[in-house]
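Undergrad: Sharing a structure below in structure tokens format, with a few things to ask.
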Amino acid sequence: MFEAATISGGMVELIQRYCTQYQLTVPIQCTKYTINDRLPQRTFQDMLSCIQSQQPQVSGLGLQIGAMAQTRDTGVIGYLSSSCETLWEMMLRFTRYNRLAYDVNDMSIDYHDDMIEISWDVDRIRPTLIHDETMLALFLTLMRRIVDDPNLSFARVHFLHQRPANSLQRVYEQFFGCPVQFGDTHTRICLPISVLNMPLSYSDPALKNILERQAEALLQALPVLDHFHEELRKTLISTLHGGEPTLEIIANRMHLSVRTLQRRLTERDLTFQTVLSRTRQTLAEQYLQDDSLTLADIALLLGYS
């Protein structure tokens with residue numbers, strides 16, 4: 001089985017806080033998790049969907065939810081980030097320990113001229129738009145708090161999904177303080193490298209050292225990813241849109257012999273067809289949540305003629 005995608009259990013408190021503020025019904029899933037638990041990402045998306053069903057008229061609803069974020073919502077990584085001296089130091093810690101807050105899709109950080117770009121792939125899970133809205137709004141809200149600058153803004157924001165017809169572009173651009181693009185290949189944000197020199201308001205080197213040891217222990221306690229399994233799944237996903245992938249095609253793309261690929265599958269009590277079927281099922285469930293995709297589109301994405 002694929003490793004479950006999870007996030008910090010502190011997000012339950014964010015959901016409860018938001019529902020209390022706006023007098024909404026708290027999702028039933030909130031009673032099952034605490035701040036010390038790992039919250040399944042799918043459960044978090046169900047919680048967001050519950051809120052969305054109660055406020056369907058709100059434009060950029062996830063922005064409103066993420067704007068209520070507090071440091072404790074992301075667990076130890078939030079406190080560790082707050083204790084750093086600069087945004088640059090915080091970014092280094094965030095890169096190292098981001099799985100503690102968001103163990104869903106891989107995060108990448110790249111540098112382009114005078115910009116730093118943070119992006120998240122969609123190999124494991126294809127998040128909903130409200131999910132990405134919430135997480136990016138949370139990220140910016142916490143950054144603004146730890147540098148004590150309510151006007152801190154991103155340089156650009158790119159969303160994976162298309163903007164819903166009932167959502168206003170200006171709502172997104174006013175919140176993030178920058179141009180916002182929809183329908184990109186990945187969800188990503190850009191920041192000027194110059195902002196990384198900004199000092200943090202509550203720097204505490206001694207506390208930082210203690211929290212870093214705790215974060216390291218928690219990171220080691222997370223499930224170890226099966227890198228072969230992950231590589232196989234990523235290769236299947238990247239190959240599916242070209243038609244039915246065969247064992248020979250996948251082995252070639254992974255730079256393995258067919259015999260070696262078969263052996264590694266056998267060692268894990270798996271068959272090629274089982275992994276292919278599970279991958280298709282997971283992708284189908286994600287694609288069906290995207291209203292912009294037709295059934296024909298989904299069939300092609302899954303490799304069916």
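Chain labels A, B, ... are given in the sequence in which chains occur in the structure tokens; within each chain residues are numbered consecutively from 1, and ligands are likewise numbered from 1 in the order shown.
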So that I can see what lies close to Arg96 in chain A, please list as a list in words the residues with an atom at most 10 Å from it, counting only C-alpha atoms and leaving out residues fewer than 6 positions away in the same chain.

TA: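 So, after excluding close chain neighbours, the residues are Ile77, Met90, Ala215, Glu216 and Leu219 of chain A.
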
Undergrad: Store the residues of this selection in a file with N, CA, C and O atoms, as a PDB file, in the first residue's frame.

TA:
ATOM      1  N   ILE A  77       7.093  22.549  13.929  1.00  0.00           N
ATOM      2  CA  ILE A  77       7.769  23.303  12.865  1.00  0.00           C
ATOM      3  C   ILE A  77       7.377  24.780  12.913  1.00  0.00           C
ATOM      4  O   ILE A  77       8.165  25.661  12.556  1.00  0.00           O
ATOM      5  N   MET A  90      14.744  30.468   8.723  1.00  0.00           N
ATOM      6  CA  MET A  90      13.459  29.786   8.820  1.00  0.00           C
ATOM      7  C   MET A  90      13.222  28.892   7.608  1.00  0.00           C
ATOM      8  O   MET A  90      12.738  27.764   7.720  1.00  0.00           O
ATOM      9  N   ALA A 215      12.139  18.338  16.583  1.00  0.00           N
ATOM     10  CA  ALA A 215      11.704  18.176  15.185  1.00  0.00           C
ATOM     11  C   ALA A 215      12.438  17.021  14.519  1.00  0.00           C
ATOM     12  O   ALA A 215      11.844  16.246  13.755  1.00  0.00           O
ATOM     13  N   GLU A 216      13.728  16.883  14.818  1.00  0.00           N
ATOM     14  CA  GLU A 216      14.513  15.797  14.230  1.00  0.00           C
ATOM     15  C   GLU A 216      13.972  14.441  14.692  1.00  0.00           C
ATOM     16  O   GLU A 216      13.857  13.501  13.893  1.00  0.00           O
ATOM     17  N   LEU A 219      10.681  13.803  12.931  1.00  0.00           N
ATOM     18  CA  LEU A 219      10.906  13.488  11.521  1.00  0.00           C
ATOM     19  C   LEU A 219      11.328  12.034  11.351  1.00  0.00           C
ATOM     20  O   LEU A 219      10.866  11.337  10.450  1.00  0.00           O
TER      21      LEU A 219
END

Undergrad: Considering only C-alpha atoms, return as a list in words whatever protein or nucleic-acid residues lie within 10 Å of Tyr111 in chain A, sequence-local ones (same chain, fewer than 3 positions apart) excluded.

TA: Asp114, Met115, Ile116, Glu117, Ile118, Cys190, Leu191, Pro192 and Ile193 of chain A

Undergrad: Which polymer residues have any atom within 9 Å of an atom of Pro27 in chain A, counting only C-alpha atoms, with same-chain residues fewer than 6 positions away left out, as a list in words?

TA: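 Once the adjacent positions are removed, what remains is Ile15, Gln16, Cys19, Asp46, Met47, Leu48, Cys50 and Ile51 of chain A.
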
Undergrad: Mind checking which residues fall within 9 Å of Asn105 in chain A, counting only C-alpha atoms, ignoring those fewer than 2 positions away in the same chain, and posting them as a ChimeraX atom specification?

TA: /A:5,102-103,107,120-126

Undergrad: Neighbours of range 97-101 of chain A within 10 Å (only C-alpha atoms; same-chain residues fewer than 6 positions away dropped), as a ChimeraX atom specification?

TA: /A:5-11,38-39,73-78,80,91,107,212,215-216,218-219,221-222

Undergrad: Give the alpha helix (DSSP H) residues of range 6-249 of chain A, as assigned by DSSP on the backbone, as number ranges by chain.

TA: A: 11-21, 41-54, 61-66, 76-82, 87-101, 129-146, 169-176, 205-221, 227-240, 247-249

Undergrad: Write out as a ChimeraX atom specification which residues come within 12 Å of range 255-268 of chain A when counting only C-alpha atoms, dropping same-chain ones fewer than 3 positions away.

TA: /A:1-2,226-229,231-232,235,246-252,271-276
